[in-house]
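Text of run-v6.txt (compact mmCIF, C-alpha atoms and all ligand atoms) as supplied:
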# COMPACT_ATOMS: atom_id res chain seq x y z
CA MET A 1 144.79 23.78 59.12
CA SER A 2 144.57 22.08 62.50
CA SER A 3 145.32 22.82 66.11
CA ASP A 4 147.19 20.49 68.49
CA THR A 5 144.79 21.15 71.34
CA PRO A 6 141.26 21.28 69.98
CA LEU A 7 138.92 23.98 71.18
CA ARG A 8 136.34 22.46 73.57
CA VAL A 9 132.94 23.56 72.30
CA ALA A 10 129.51 22.87 73.79
CA ILE A 11 126.19 23.38 72.01
CA ALA A 12 123.08 24.36 73.97
CA GLY A 13 119.87 23.50 72.14
CA GLY A 14 121.48 20.76 70.06
CA SER A 15 118.27 18.87 69.31
CA GLY A 16 116.90 21.74 67.21
CA TYR A 17 117.53 22.47 63.56
CA GLY A 18 120.07 25.22 64.19
CA GLY A 19 121.88 23.21 66.88
CA GLY A 20 121.88 20.10 64.66
CA GLU A 21 123.46 22.08 61.84
CA LEU A 22 126.11 23.47 64.20
CA LEU A 23 126.90 19.94 65.29
CA ARG A 24 127.08 18.64 61.70
CA LEU A 25 129.62 21.34 60.86
CA LEU A 26 131.66 21.13 64.07
CA ILE A 27 131.99 17.32 64.16
CA ASP A 28 134.31 17.59 61.15
CA HIS A 29 135.99 20.86 62.15
CA PRO A 30 139.74 20.21 62.48
CA CYS A 31 140.27 22.62 65.40
CA VAL A 32 137.23 21.70 67.49
CA GLU A 33 136.12 18.97 69.86
CA VAL A 34 132.40 19.02 70.67
CA THR A 35 132.26 18.20 74.37
CA GLN A 36 128.54 18.51 75.19
CA VAL A 37 125.23 18.91 73.38
CA THR A 38 122.07 19.77 75.30
CA SER A 39 118.42 18.87 74.97
CA GLN A 40 115.99 18.99 77.86
CA ARG A 41 113.55 16.55 76.27
CA ASN A 42 116.13 14.09 74.95
CA ALA A 43 118.70 14.11 77.75
CA GLY A 44 120.50 10.77 77.94
CA LYS A 45 119.63 9.78 74.38
CA PHE A 46 122.13 9.54 71.54
CA VAL A 47 122.30 12.69 69.42
CA HIS A 48 121.72 10.58 66.31
CA SER A 49 118.34 9.47 67.68
CA VAL A 50 117.22 13.04 66.84
CA HIS A 51 119.64 13.84 63.99
CA PRO A 52 119.86 10.52 62.08
CA ASN A 53 122.28 12.04 59.53
CA LEU A 54 124.80 12.20 62.40
CA ARG A 55 124.93 8.44 62.99
CA PRO A 56 128.62 7.87 63.75
CA TRP A 57 130.94 6.62 61.03
CA ALA A 58 134.71 6.36 60.61
CA GLY A 59 135.48 7.15 64.24
CA ARG A 60 133.19 10.12 64.73
CA PRO A 61 131.90 10.24 68.32
CA ALA A 62 128.47 8.93 69.36
CA LEU A 63 127.49 11.85 71.59
CA ARG A 64 124.60 11.78 74.04
CA PHE A 65 122.45 14.77 74.97
CA THR A 66 122.84 16.30 78.41
CA THR A 67 120.59 18.86 80.07
CA LEU A 68 121.34 22.57 80.14
CA GLU A 69 121.94 22.27 83.90
CA GLU A 70 124.69 19.68 83.28
CA LEU A 71 126.77 21.99 81.08
CA GLU A 72 130.40 22.13 82.18
CA PRO A 73 132.98 24.84 81.57
CA CYS A 74 134.33 24.85 78.02
CA ASP A 75 136.29 27.12 75.68
CA ALA A 76 133.31 28.26 73.61
CA LEU A 77 129.59 27.86 74.19
CA LEU A 78 127.26 28.02 71.22
CA LEU A 79 123.64 28.77 72.08
CA ALA A 80 120.88 27.55 69.74
CA LEU A 81 117.99 28.09 72.14
CA PRO A 82 114.58 29.64 71.56
CA HIS A 83 114.20 33.38 71.76
CA GLY A 84 114.58 34.79 75.27
CA GLN A 85 116.59 31.96 76.83
CA ALA A 86 120.03 33.50 76.30
CA GLN A 87 119.20 36.95 77.67
CA GLY A 88 117.64 35.39 80.77
CA GLN A 89 120.73 33.34 81.62
CA ILE A 90 123.55 35.36 80.11
CA GLU A 91 125.46 35.80 83.38
CA HIS A 92 125.46 32.04 83.94
CA PHE A 93 126.44 31.22 80.34
CA SER A 94 129.29 33.73 80.41
CA GLU A 95 130.67 32.02 83.51
CA LEU A 96 130.75 28.70 81.65
CA ALA A 97 132.84 29.90 78.71
CA PRO A 98 135.02 32.89 77.81
CA ARG A 99 133.47 32.97 74.34
CA LEU A 100 129.80 32.81 73.41
CA ILE A 101 127.94 32.73 70.12
CA ASP A 102 124.17 33.05 70.43
CA LEU A 103 122.08 32.11 67.40
CA SER A 104 118.91 33.68 68.76
CA ALA A 105 117.68 37.25 68.26
CA ASP A 106 118.49 38.13 71.89
CA PHE A 107 121.71 40.05 71.23
CA ARG A 108 121.44 41.06 67.59
CA LEU A 109 120.26 44.63 68.12
CA ARG A 110 122.43 47.25 69.80
CA ASP A 111 119.56 49.52 70.88
CA ALA A 112 117.37 48.27 73.78
CA ALA A 113 114.51 50.58 72.72
CA VAL A 114 114.50 49.16 69.18
CA TYR A 115 114.57 45.67 70.68
CA GLU A 116 111.56 46.45 72.87
CA ALA A 117 109.64 47.99 69.96
CA ARG A 118 110.23 44.94 67.76
CA TYR A 119 109.87 42.14 70.31
CA GLY A 120 107.17 43.66 72.51
CA HIS A 121 108.96 43.39 75.86
CA ALA A 122 111.90 44.98 77.62
CA HIS A 123 115.25 43.26 77.13
CA ALA A 124 116.25 41.22 80.21
CA ALA A 125 119.97 42.10 79.95
CA PRO A 126 120.26 45.44 78.13
CA SER A 127 123.78 46.10 79.45
CA TRP A 128 124.97 43.10 77.43
CA LEU A 129 123.75 44.41 74.07
CA ASP A 130 126.87 46.51 73.50
CA ARG A 131 129.14 43.60 74.36
CA PHE A 132 127.94 41.52 71.42
CA VAL A 133 129.04 41.93 67.82
CA TYR A 134 126.49 41.18 65.10
CA GLY A 135 127.67 37.90 63.57
CA LEU A 136 127.60 38.70 59.87
CA PRO A 137 131.27 38.44 58.82
CA GLU A 138 130.55 39.96 55.41
CA ARG A 139 129.69 43.20 57.25
CA TYR A 140 131.52 43.10 60.61
CA ARG A 141 134.55 40.87 60.06
CA ASP A 142 137.07 43.14 61.80
CA GLN A 143 134.93 43.50 64.93
CA ILE A 144 134.24 39.75 65.09
CA ARG A 145 137.99 38.98 64.96
CA GLY A 146 138.59 40.41 68.41
CA ALA A 147 135.23 39.57 69.98
CA ASP A 148 134.33 37.26 72.85
CA TYR A 149 130.57 37.60 72.36
CA VAL A 150 128.97 37.29 68.95
CA SER A 151 125.29 37.12 68.07
CA GLY A 152 123.88 35.00 65.34
CA VAL A 153 122.10 36.49 62.35
CA GLY A 154 118.48 36.48 61.33
CA CYS A 155 118.18 34.25 58.26
CA ASN A 156 115.88 36.65 56.40
CA ALA A 157 117.99 39.60 57.52
CA THR A 158 121.07 37.88 56.10
CA ALA A 159 119.55 37.28 52.68
CA SER A 160 118.37 40.91 52.65
CA ASN A 161 121.68 42.33 53.88
CA LEU A 162 123.78 40.39 51.40
CA ALA A 163 121.47 41.29 48.50
CA LEU A 164 121.84 44.97 49.37
CA LEU A 165 125.36 45.44 50.78
CA PRO A 166 127.20 45.58 47.42
CA LEU A 167 124.81 48.29 46.20
CA VAL A 168 124.74 50.30 49.42
CA GLN A 169 128.53 50.22 49.81
CA ALA A 170 128.97 51.37 46.20
CA GLY A 171 126.42 54.17 46.65
CA LEU A 172 124.41 52.97 43.66
CA LEU A 173 120.93 53.17 45.20
CA ARG A 174 118.61 56.14 45.17
CA ASP A 175 117.93 57.27 48.72
CA ASP A 176 114.65 59.04 47.93
CA ARG A 177 112.76 55.79 47.33
CA PRO A 178 112.13 53.00 49.84
CA ILE A 179 113.56 49.52 49.37
CA LEU A 180 111.15 46.56 49.29
CA VAL A 181 112.44 43.07 50.02
CA ASP A 182 110.32 40.09 49.03
CA LEU A 183 111.47 36.96 50.87
CA LYS A 184 110.48 33.40 50.02
CA VAL A 185 111.40 30.99 52.77
CA GLY A 186 111.47 27.30 53.65
CA SER A 187 109.79 25.49 56.53
CA SER A 188 112.94 24.84 58.60
CA GLU A 189 112.98 28.54 59.50
CA GLY A 190 110.27 27.68 61.99
CA GLY A 191 112.44 25.25 63.96
CA ALA A 192 111.93 21.61 64.88
CA SER A 193 108.84 21.95 67.07
CA ALA A 194 105.55 21.19 65.36
CA ASN A 195 102.65 23.62 65.34
CA ALA A 196 99.41 24.10 63.42
CA ALA A 197 101.15 25.94 60.58
CA SER A 198 103.79 23.22 60.17
CA HIS A 199 101.30 20.32 60.10
CA HIS A 200 101.94 18.61 56.75
CA PRO A 201 98.48 19.05 55.19
CA GLU A 202 98.63 22.76 56.04
CA ARG A 203 102.27 23.46 55.18
CA SER A 204 102.70 21.25 52.14
CA HIS A 205 102.45 23.13 48.80
CA ALA A 206 101.77 26.37 50.66
CA VAL A 207 102.43 29.83 49.25
CA ARG A 208 101.53 31.64 52.45
CA SER A 209 102.09 35.30 53.21
CA PHE A 210 103.66 34.94 56.61
CA ALA A 211 104.69 38.51 57.43
CA PRO A 212 103.70 40.92 54.62
CA THR A 213 104.72 43.84 56.88
CA GLY A 214 106.44 44.29 60.21
CA HIS A 215 108.87 41.34 60.15
CA ARG A 216 111.20 41.58 63.14
CA HIS A 217 114.34 41.07 61.05
CA GLU A 218 113.78 44.50 59.49
CA ALA A 219 115.54 46.04 62.48
CA GLU A 220 118.69 43.98 61.82
CA VAL A 221 118.71 45.17 58.22
CA HIS A 222 118.26 48.80 59.24
CA GLN A 223 121.11 48.42 61.73
CA ALA A 224 123.50 46.80 59.24
CA LEU A 225 122.74 49.06 56.28
CA GLY A 226 122.16 52.39 58.04
CA ARG A 227 118.77 53.00 56.37
CA ASP A 228 115.37 52.63 57.98
CA ASP A 229 113.31 52.73 54.79
CA ILE A 230 113.85 49.03 54.02
CA HIS A 231 110.70 46.89 54.26
CA LEU A 232 110.49 43.10 54.32
CA SER A 233 107.62 40.87 53.16
CA VAL A 234 108.01 37.19 53.98
CA THR A 235 106.19 34.32 52.25
CA SER A 236 106.45 30.64 53.20
CA ILE A 237 106.88 28.42 50.16
CA GLU A 238 107.36 24.74 49.36
CA LEU A 239 110.96 24.39 50.51
CA VAL A 240 112.61 22.85 53.58
CA ARG A 241 115.92 24.74 53.59
CA GLY A 242 116.43 28.06 51.90
CA ALA A 243 115.65 31.77 51.76
CA LEU A 244 115.50 33.87 48.62
CA ALA A 245 115.53 37.66 48.92
CA THR A 246 114.30 39.56 45.86
CA VAL A 247 114.92 43.25 46.49
CA HIS A 248 112.98 45.87 44.55
CA THR A 249 114.81 49.14 44.38
CA TRP A 250 115.97 51.99 42.12
CA ALA A 251 119.47 52.73 40.88
CA GLN A 252 121.07 56.16 40.76
CA PRO A 253 120.38 57.77 37.35
CA GLY A 254 122.94 56.69 34.78
CA THR A 255 123.90 53.43 36.54
CA SER A 256 125.12 50.90 33.99
CA GLU A 257 125.71 47.15 33.91
CA ARG A 258 129.41 47.91 34.09
CA ASP A 259 128.93 49.89 37.34
CA LEU A 260 127.05 46.97 38.82
CA TRP A 261 129.67 44.41 37.80
CA ARG A 262 132.33 46.63 39.37
CA ALA A 263 130.38 46.97 42.62
CA TYR A 264 129.65 43.26 42.93
CA ARG A 265 133.19 42.21 42.04
CA ARG A 266 134.58 44.58 44.64
CA PHE A 267 132.18 43.16 47.22
CA VAL A 268 132.98 39.48 46.67
CA LYS A 269 136.75 40.04 46.41
CA ASP A 270 137.57 39.30 50.05
CA ARG A 271 134.35 37.55 51.01
CA PRO A 272 134.97 33.88 50.29
CA PHE A 273 131.42 32.63 50.78
CA VAL A 274 129.71 35.12 48.48
CA ARG A 275 129.39 34.28 44.78
CA ILE A 276 128.08 36.38 41.89
CA VAL A 277 125.37 34.63 39.90
CA HIS A 278 124.49 36.75 36.85
CA GLU A 279 124.41 34.54 33.76
CA ARG A 280 123.19 35.39 30.28
CA SER A 281 121.67 31.99 29.54
CA GLY A 282 120.62 28.71 31.07
CA ILE A 283 118.06 27.93 33.75
CA TYR A 284 120.27 29.04 36.66
CA ARG A 285 120.82 32.65 35.56
CA HIS A 286 119.92 34.04 38.99
CA PRO A 287 120.62 32.92 42.59
CA GLU A 288 118.55 29.93 43.66
CA PRO A 289 118.37 28.54 47.23
CA LYS A 290 118.40 24.86 46.37
CA LEU A 291 121.89 25.16 44.91
CA VAL A 292 123.32 26.42 48.22
CA ALA A 293 121.48 23.96 50.51
CA GLY A 294 123.84 22.60 53.17
CA THR A 295 126.48 25.25 52.47
CA ASN A 296 127.63 28.53 53.98
CA LEU A 297 127.43 30.17 50.56
CA ALA A 298 125.42 33.23 49.60
CA ASP A 299 124.72 33.62 45.89
CA ILE A 300 124.01 37.21 44.85
CA GLY A 301 122.92 38.76 41.57
CA TRP A 302 120.89 41.55 40.00
CA SER A 303 118.77 42.64 37.07
CA LEU A 304 118.69 46.26 35.83
CA ASP A 305 116.01 47.79 33.64
CA GLN A 306 118.04 50.52 31.99
CA THR A 307 114.97 52.17 30.50
CA ASN A 308 113.79 53.36 33.92
CA GLY A 309 116.48 52.52 36.50
CA ARG A 310 114.50 49.80 38.24
CA LEU A 311 117.02 47.52 39.90
CA VAL A 312 116.26 44.09 41.36
CA SER A 313 118.93 42.47 43.51
CA ILE A 314 118.74 38.87 44.60
CA CYS A 315 120.35 36.70 47.28
CA ALA A 316 119.92 32.98 47.92
CA ILE A 317 121.10 31.29 51.13
CA ASP A 318 120.43 28.21 53.22
CA ASN A 319 118.66 29.61 56.30
CA LEU A 320 120.37 27.00 58.50
CA GLY A 321 123.76 27.59 56.81
CA LYS A 322 124.69 31.19 56.00
CA GLY A 323 121.50 32.24 57.80
CA ALA A 324 122.43 30.54 61.10
CA ALA A 325 125.00 27.80 61.86
CA GLY A 326 127.33 28.41 58.89
CA SER A 327 127.82 32.07 59.75
CA ALA A 328 128.25 31.11 63.42
CA VAL A 329 131.07 28.69 62.57
CA GLN A 330 132.62 31.33 60.31
CA CYS A 331 132.53 33.70 63.31
CA LEU A 332 134.04 31.03 65.57
CA ASN A 333 136.91 30.75 63.07
CA LEU A 334 137.44 34.51 63.04
CA MET A 335 137.28 34.77 66.84
CA HIS A 336 140.08 32.20 67.07
CA SER A 337 142.17 33.59 64.20
CA TRP A 338 141.69 30.45 62.11
CA ASP A 339 141.13 30.57 58.39
CA GLU A 340 137.61 31.89 57.92
CA THR A 341 136.62 28.94 55.75
CA THR A 342 137.78 26.15 58.09
CA GLY A 343 135.18 23.39 58.34
CA LEU A 344 132.90 25.12 55.83
CA GLY A 345 134.17 23.69 52.57
CA PHE A 346 130.97 21.95 51.40
CA THR A 347 130.02 23.21 47.92
CA GLY A 348 126.42 22.02 47.62
CA LEU A 349 124.62 19.46 45.49
CA HIS A 350 123.37 19.25 41.95
CA PRO A 351 120.93 17.85 41.14
CA ILE A 352 119.01 18.12 44.38
N1 LIG A 401 115.65 27.80 62.07
C1 LIG A 401 116.32 28.79 61.45
O1 LIG A 401 116.32 28.89 60.21
C2 LIG A 401 117.10 29.80 62.26
C3 LIG A 401 117.91 30.71 61.55
C4 LIG A 401 118.60 31.68 62.28
C5 LIG A 401 118.50 31.73 63.67
N2 LIG A 401 117.69 30.84 64.31
C6 LIG A 401 117.61 30.95 65.78
O2 LIG A 401 118.27 29.85 66.36
C7 LIG A 401 117.62 29.48 67.59
C8 LIG A 401 117.24 28.00 67.51
O3 LIG A 401 116.35 27.87 66.40
P1 LIG A 401 115.93 26.44 65.85
O4 LIG A 401 115.22 26.66 64.58
O5 LIG A 401 117.08 25.50 65.92
O6 LIG A 401 114.87 26.04 66.99
P2 LIG A 401 114.37 24.59 67.39
O7 LIG A 401 114.56 23.67 66.24
O8 LIG A 401 113.00 24.76 67.94
O9 LIG A 401 115.36 24.14 68.57
C9 LIG A 401 115.32 24.74 69.85
C10 LIG A 401 116.31 24.04 70.78
O10 LIG A 401 116.21 24.64 72.07
C11 LIG A 401 115.88 23.63 73.05
N3 LIG A 401 114.96 24.21 74.03
C12 LIG A 401 113.66 24.57 73.83
N4 LIG A 401 113.14 25.13 74.94
C13 LIG A 401 114.13 25.12 75.86
C14 LIG A 401 114.22 25.57 77.21
N5 LIG A 401 113.17 26.14 77.82
N6 LIG A 401 115.40 25.40 77.86
C15 LIG A 401 116.44 24.82 77.26
N7 LIG A 401 116.43 24.36 75.98
C16 LIG A 401 115.27 24.52 75.30
C17 LIG A 401 115.27 22.51 72.27
O11 LIG A 401 115.57 21.31 72.97
P3 LIG A 401 114.51 20.33 73.65
O12 LIG A 401 113.14 20.83 73.31
O13 LIG A 401 114.83 19.00 73.05
O14 LIG A 401 114.81 20.41 75.08
C18 LIG A 401 116.04 22.57 70.97
O15 LIG A 401 117.26 21.90 71.09
C19 LIG A 401 116.37 30.38 67.72
O16 LIG A 401 116.62 31.39 68.64
C20 LIG A 401 116.19 30.93 66.31
O17 LIG A 401 115.66 32.23 66.31
C21 LIG A 401 117.00 29.86 63.66

Can I see the file as structure tokens?
Ligand SMILES: NC(=O)c1ccc[n+]([C@@H]2O[C@H](COP(=O)([O-])OP(=O)(O)OC[C@H]3O[C@@H](n4cnc5c(N)ncnc54)[C@H](OP(=O)(O)O)[C@@H]3O)[C@@H](O)[C@H]2O)c1
Amino acid sequence: MSSDTPLRVAIAGGSGYGGGELLRLLIDHPCVEVTQVTSQRNAGKFVHSVHPNLRPWAGRPALRFTTLEELEPCDALLLALPHGQAQGQIEHFSELAPRLIDLSADFRLRDAAVYEARYGHAHAAPSWLDRFVYGLPERYRDQIRGADYVSGVGCNATASNLALLPLVQAGLLRDDRPILVDLKVGSSEGGASANAASHHPERSHAVRSFAPTGHRHEAEVHQALGRDDIHLSVTSIELVRGALATVHTWAQPGTSERDLWRAYRRFVKDRPFVRIVHERSGIYRHPEPKLVAGTNLADIGWSLDQTNGRLVSICAIDNLGKGAAGSAVQCLNLMHSWDETTGLGFTGLHPI
């Protein structure tokens, strides 16, 4: 589908990994014209000097970075700035565009007290928290459809939420035992800026417990699933893009494979980007992040030990795709009543 008058979209923080992924998706979006892309450090330079995959071809524009201060009014402003920037300037940003999508954690939580407890400081614009919808279409599609302000999603929260939603919605989990989510994540989760942990000799071949307890994304999972006994443990592994959530939980007594198939099939029915991966044979029997790299897909699956009811559910995503820019573009589509999948048709690569 296409629109005669494209939506004028600007991206703030376009030199980062999330902003670069937004740009990659929106350059080919049939209803969108990207009007401005910001970077403070690279202002004036071509966008492809930072994102070489976006070297122009076949008529695609050679955009240059502008500064944040040079942003002009547009139809939708997508913010891919570090934590704290959006809440500090929300009044200004909302004057620039009638619709905002903010990839950061600034507007993901509805409760200012929970925000303060998790992030260690008071929110700078608490009255705005209620005005944002949490940007996970697989959970909040109807609210996103009519929204002007949508937050992004935490990548680890998204893998956790999508691993658990089919089971929670079907009422198949025991509620007297906590849920433990083991997350294995790639290096691009840390963004484009280098630090000691991302230095190649330190990061390469790492299997590093990054947040065994207390990961901030827990609050997003509690909010989306309505349970506060869900605990995340995050480990950095040898991967650039990707997050794999392996959820350790317990099924209601008597739960069968057939019950699980029914629950998962019901869940994916009207959720175009979610696929069931639950094969009997082969090397790709369970969800695997490398197969969804570059896509907005979430592969979900499970394994049930019927002798004792132990249930492991699994979700694989690309942290920059479904865990950030892909979901944001899906939300942009919903906010403008376009087909949810517009501009997000990439299926992934094999081998990769
Ligand atoms: N990486 C992920 O997997 C992921 C997933 C979900 C959500 N997110 C969220 O998305 C946001 C962006 O993450 P990212 O990984 O793309 O980060 P990043 O790679 O570090 O990019 C940050 C961007 O913000 C710009 N920037 C930095 N400081 C700024 C300032 N003071 N004023 C204006 N612009 C500034 C940077 O531009 P210059 O330095 O060139 O000026 C760059 O374009 C974060 O809030 C993050 O939490 C990231």

Inset, instruction - Counting only C-alpha atoms, figure out which residue out of A:Phe46, A:Trp128, A:Tyr134, A:Phe346 gets nearest to Ala328 in chain A. - result: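 When distances to Ala328 in chain A are compared using only C-alpha atoms, the smallest one comes from A:Tyr134.
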
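The space between atom C11 of ligand LIG 401 (chain A) and CA of Ala224 in chain A spans 28.0 Å.
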
Taking all atoms of range 259-269 of chain A that the file lists, what box with edges along x, y and z, padded by 4 Å per side, do you get, with centre and edge lengths in Å to one decimal, as JSON?
{"center_x": 131.9, "center_y": 44.7, "center_z": 42.3, "size_x": 17.7, "size_y": 18.4, "size_z": 17.9}

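Residue nearest Leu77 in chain A within the list A:Ser188, A:Ser94, A:Gln306, A:Asn156: A:Ser94 [criterion: smallest interatomic distance, all atoms listed in the file].
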
Legend entry - Residues within 12 Å of Thr307 in chain A, all atoms listed in the file, excluding chain neighbours under 5 positions, as a ChimeraX atom specification: /A:250-251,253-256

Shell of 6 Å around Leu334 in chain A, only C-alpha atoms, local chain residues under 4 positions omitted, as a CSV table (one decimal) with C-alpha atoms, in the coordinates of the input:
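The resulting result.csv:
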chain,number,residue,atom,x,y,z
A,145,ARG,CA,138.0,39.0,65.0
A,338,TRP,CA,141.7,30.4,62.1
A,340,GLU,CA,137.6,31.9,57.9

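For the choices A:Asn308, A:Ser104, A:Ser236, A:Gln89, the atom-to-atom distance to ligand LIG 401 (chain A) is smallest for A:Ser104 when using all atoms listed in the file.
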
Inset, instruction - Kindly compile the residues surrounding ligand LIG 401 (chain A) within 8 Å, counting only C-alpha atoms and all ligand atoms, and format them as a PyMOL selection string. - result: chain A and resi 12-20+38-43+67-68+79-85+102-106+152-155+188-193+241+319-320+323-325

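Straight-line separation from CA of Ala159 in chain A to CA of Ala206 in chain A: 21.0 Å.
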
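Between CA of Asp228 in chain A and CA of Thr158 in chain A the interatomic distance comes to 15.9 Å.
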
Inset, instruction - Pick out the closest residue to Arg203 in chain A from this set: A:Ile237, A:Ile283, A:Leu183, A:Ala219. Count only C-alpha atoms. - result: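 Among the listed residues, the smallest separation from Arg203 in chain A belongs to A:Ile237.
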
Inset, instruction - Compare A:Leu165, A:Ile90, A:Ala243, A:Ala147 by their minimum atom-to-atom distance to Pro126 in chain A, counting only C-alpha atoms, and give me the closest one. - result: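 Closest to Pro126 in chain A, using only C-alpha atoms: A:Ile90.
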